[in-house]
Amino acid sequence: MLKKLVTIGSFVVLSSLALAGTLKVGATPVPHAELLNFVKADLQKQGVDLKIVEFTDYVTPNLALSDGELDANFFQHLPYLQKFASERKLKLSTAGKVHVEPIGLYSKKATSLKNLKKGATIAIPNDPSNGGRALILLHNKKLLVLKDPKNLYTTEFDIIKNPNNFKFKAVEAAQLPRVLSDVDAALINGNYALESGFNPTKDALLLEGEESPYANIIAVKAGKEKNVDIQKLVKILQSKKVKEFMEKKYNGGVVAAF
């Protein structure tokens with residue numbers, strides 16, 4: 001009788017797992033994959049088997065999403081998605097925003113802005129949205145003046161005043177921490193700063209504020225925004241539990257955007 005009950009119990013468990021919908025989500029390791037792993041068990045309880053595929057660049061995850069290899073991805077902000085999708089003629093959309101990773105100015109040669117010499121070479125991300133984001137931060141901190149700081153895709157050709165005679169070097173976002181020793185400073189996206197061991201609130205000479213329009217999103221193929229499993233993922237990532245996890249783990253390097 002006991003053996004029969006155990007068999008029945010096992011069948012119920014296996015049946016429940018079989019009924020779980022599989023959701024394949026691409027993510028960069030920090031903080032995106034970490035956040036997904038944090039909610040994985042809770043999603044399983046809701047009938048969603050979350051499969052996390054890690055990427056280390058900003059290009060491949062969107063191509064994989066467009067090709068149907070992923071159900072969603074989690075690594076980028078909306079301006080980046082819109083620019084990327086427009087340039088490549090991809091039909092991608094957002095299912096919801098989760099957090100902001102403040103971009104910051106880091107240096108191994110200057111301990112403060114006062115120590116950053118005139119004529120300094122500053123590395124910035126080479127993609128249009130993050131490059132513009134970097135320059136807008138410098139504008140907002142009054143280190144230079146842009147023609148239109150509301151243009152999220154502004155470039156160094158839109159600088160109208162550069163009193164410190166800064167020189168800019170465009171580098172792939174993921175490589176910015178690696179070139180930091182070769183330049184005077186670099187504007188590094190929050191996820192790559194965290195991966196490299198920086199504490200943004202302590203180590204950054206400048207740090208973007210909570211007012212940033214660059215909230216990281218769950219991206220999907222257009223038309224899949226209301227998919228039931230996708231919305232379960234969005235809802236749990238926008239929960240109080242996740243917000244408290246961000247605050248405790250990332251020390252201001254990841255800020256809730258919901």
# chains A, B, ... in the order shown; residues from 1 in each chain; ligands from 1

call {"tool": "closest_atom_pairs", "arguments": {"of": "stretch 51-122 of chain A", "to": "stretch 241-254 of chain A", "cutoff": "12 Å", "atoms": "only C-alpha atoms", "output": "CSV"}}
result
residue,atom,partner,partner_atom,distance
A:Val98,CA,A:Lys243,CA,9.3
A:His99,CA,A:Val254,CA,6.5
A:Val100,CA,A:Val254,CA,5.8
A:Glu101,CA,A:Val254,CA,4.7
A:Pro102,CA,A:Gly253,CA,6.4
A:Ile103,CA,A:Gly253,CA,8.8
A:Gly104,CA,A:Gly253,CA,9.5

call {"tool": "write_last_selection", "arguments": {"atoms": "all heavy atoms", "output": "compact mmCIF listing (two decimals), in the first residue's frame"}}
result
# COMPACT_ATOMS: atom_id res chain seq x y z
N VAL A 98 12.19 46.64 -15.79
CA VAL A 98 12.55 46.01 -14.52
C VAL A 98 13.45 46.90 -13.67
O VAL A 98 13.13 47.20 -12.52
CB VAL A 98 13.23 44.65 -14.76
CG1 VAL A 98 13.60 43.99 -13.43
CG2 VAL A 98 12.32 43.73 -15.58
N HIS A 99 14.58 47.34 -14.22
CA HIS A 99 15.53 48.08 -13.39
C HIS A 99 16.42 48.98 -14.24
O HIS A 99 16.46 48.86 -15.47
CB HIS A 99 16.42 47.11 -12.60
CG HIS A 99 17.37 46.34 -13.47
ND1 HIS A 99 17.03 45.16 -14.09
CD2 HIS A 99 18.65 46.60 -13.85
CE1 HIS A 99 18.04 44.72 -14.81
NE2 HIS A 99 19.04 45.58 -14.69
N VAL A 100 17.12 49.86 -13.58
CA VAL A 100 18.13 50.72 -14.20
C VAL A 100 19.49 50.31 -13.66
O VAL A 100 19.65 50.11 -12.45
CB VAL A 100 17.88 52.21 -13.91
CG1 VAL A 100 19.05 53.07 -14.42
CG2 VAL A 100 16.58 52.68 -14.53
N GLU A 101 20.46 50.16 -14.54
CA GLU A 101 21.85 49.96 -14.14
C GLU A 101 22.58 51.27 -14.44
O GLU A 101 22.94 51.52 -15.59
CB GLU A 101 22.48 48.83 -14.93
CG GLU A 101 21.82 47.48 -14.71
CD GLU A 101 22.16 46.51 -15.82
OE1 GLU A 101 23.16 46.73 -16.52
OE2 GLU A 101 21.41 45.54 -15.99
N PRO A 102 22.77 52.13 -13.46
CA PRO A 102 23.35 53.44 -13.73
C PRO A 102 24.72 53.33 -14.42
O PRO A 102 25.61 52.63 -13.95
CB PRO A 102 23.48 54.07 -12.34
CG PRO A 102 22.47 53.35 -11.50
CD PRO A 102 22.45 51.95 -12.03
N ILE A 103 24.87 54.02 -15.53
CA ILE A 103 26.18 54.10 -16.19
C ILE A 103 27.06 55.02 -15.36
O ILE A 103 26.57 56.00 -14.77
CB ILE A 103 26.05 54.60 -17.64
CG1 ILE A 103 27.34 54.33 -18.42
CG2 ILE A 103 25.66 56.06 -17.71
CD1 ILE A 103 27.20 54.58 -19.93
N GLY A 104 28.34 54.71 -15.26
CA GLY A 104 29.22 55.51 -14.41
C GLY A 104 30.57 55.76 -15.05
O GLY A 104 30.99 55.04 -15.97

call {"tool": "closest_atom_pairs", "arguments": {"of": "stretch 105-210 of chain A", "to": "stretch 46-69 of chain A", "cutoff": "10 Å", "atoms": "only C-alpha atoms", "output": "Markdown table"}}
result
| residue | atom | partner | partner_atom | distance |
| --- | --- | --- | --- | --- |
| A:Asp127 | CA | A:Tyr58 | CA | 9.2 |
| A:Glu172 | CA | A:Asp57 | CA | 8.8 |
| A:Ala173 | CA | A:Tyr58 | CA | 8.1 |
| A:Ala174 | CA | A:Asp57 | CA | 6.5 |
| A:Gln175 | CA | A:Asp57 | CA | 9.6 |
| A:Tyr192 | CA | A:Thr56 | CA | 9.5 |

call {"tool": "write_last_selection", "arguments": {"atoms": "N, CA and C atoms", "output": "tab-separated table (two decimals), in the first residue's frame"}}
result
chain	number	residue	atom	x	y	z
A	127	ASP	N	28.07	51.65	-29.23
A	127	ASP	CA	26.75	51.56	-29.83
A	127	ASP	C	26.03	52.89	-29.64
A	172	GLU	N	33.58	48.73	-27.74
A	172	GLU	CA	32.45	47.84	-27.47
A	172	GLU	C	32.18	47.82	-25.96
A	173	ALA	N	30.92	47.93	-25.58
A	173	ALA	CA	30.55	48.08	-24.17
A	173	ALA	C	31.18	47.02	-23.27
A	174	ALA	N	31.18	45.77	-23.72
A	174	ALA	CA	31.71	44.68	-22.90
A	174	ALA	C	33.21	44.80	-22.66
A	175	GLN	N	33.91	45.52	-23.54
A	175	GLN	CA	35.37	45.64	-23.44
A	175	GLN	C	35.82	46.83	-22.62
A	192	TYR	N	28.37	45.66	-16.74
A	192	TYR	CA	29.77	45.32	-16.95
A	192	TYR	C	30.65	45.84	-15.81

call {"tool": "closest_residue", "arguments": {"among": "A:Thr94, A:Asn216, A:Ser181, A:Asn115", "to": "A:Ile230", "atoms": "only C-alpha atoms"}}
result
A:Thr94

call {"tool": "closest_atom_pairs", "arguments": {"of": "stretch 83-118 of chain A", "to": "stretch 140-159 of chain A", "cutoff": "12 Å", "atoms": "only C-alpha atoms", "output": "tab-separated table"}}
result
residue	atom	partner	partner_atom	distance
A:Lys83	CA	A:Tyr153	CA	8.8
A:Phe84	CA	A:Tyr153	CA	11.9
A:Gly104	CA	A:Lys141	CA	11.6
A:Leu105	CA	A:Lys141	CA	11.2
A:Leu113	CA	A:Leu143	CA	9.7
A:Lys114	CA	A:Leu143	CA	11.4
A:Leu116	CA	A:Leu143	CA	11.1
A:Lys118	CA	A:Leu143	CA	11.0

call {"tool": "closest_residue", "arguments": {"among": "A:Ser239, A:Ser93, A:Ser107, A:Asn165", "to": "A:Lys224", "atoms": "only C-alpha atoms"}}
result
A:Ser93

call {"tool": "select_by_dssp", "arguments": {"residues": "stretch 22-194 of chain A", "states": "strand (DSSP E)", "output": "MDAnalysis selection string"}}
result
chainID A and resid 22:27 48:54 72:77 92:100 104:106 121:125 145:146 159:161 167:171 185:188

call {"tool": "atom_distance", "arguments": {"atom1": "atom CA of A:Phe166", "atom2": "atom CA of A:Ala120"}}
result
5.1 Å

call {"tool": "atom_distance", "arguments": {"atom1": "atom CA of A:Pro79", "atom2": "atom CA of A:Ile236"}}
result
23.4 Å

call {"tool": "residues_around", "arguments": {"residues": "A:Leu176", "least_positions_apart": "4", "cutoff": "9 Å", "atoms": "only C-alpha atoms", "output": "PyMOL selection string"}}
result
chain A and resi 123-125+171-172+180+186-189+192-193

call {"tool": "closest_residue", "arguments": {"among": "A:Leu194, A:Leu205, A:Ala110, A:Ile160", "to": "A:Thr28", "atoms": "only C-alpha atoms"}}
result
A:Leu194

call {"tool": "closest_residue", "arguments": {"among": "A:Val30, A:Val39, A:Ile217, A:Leu23", "to": "A:Gly197", "atoms": "only C-alpha atoms"}}
result
A:Val30

call {"tool": "select_by_dssp", "arguments": {"residues": "stretch 7-233 of chain A", "states": "helix (DSSP H, G or I)", "output": "number ranges by chain"}}
result
A: 7-19, 29-45, 60-66, 78-88, 113-115, 128-140, 156-158, 173-182, 190-195, 200-203, 228-233

call {"tool": "residues_around", "arguments": {"residues": "A:Ala219", "least_positions_apart": "6", "cutoff": "7 Å", "atoms": "only C-alpha atoms", "output": "ChimeraX atom specification"}}
result
/A:72-74,92-95

call {"tool": "closest_residue", "arguments": {"among": "A:Ala33, A:Leu43, A:Lys226, A:Lys221", "to": "A:Leu90", "atoms": "only C-alpha atoms"}}
result
A:Lys221

call {"tool": "atom_distance", "arguments": {"atom1": "atom CA of A:Asp71", "atom2": "atom CA of A:Val25"}}
result
5.9 Å
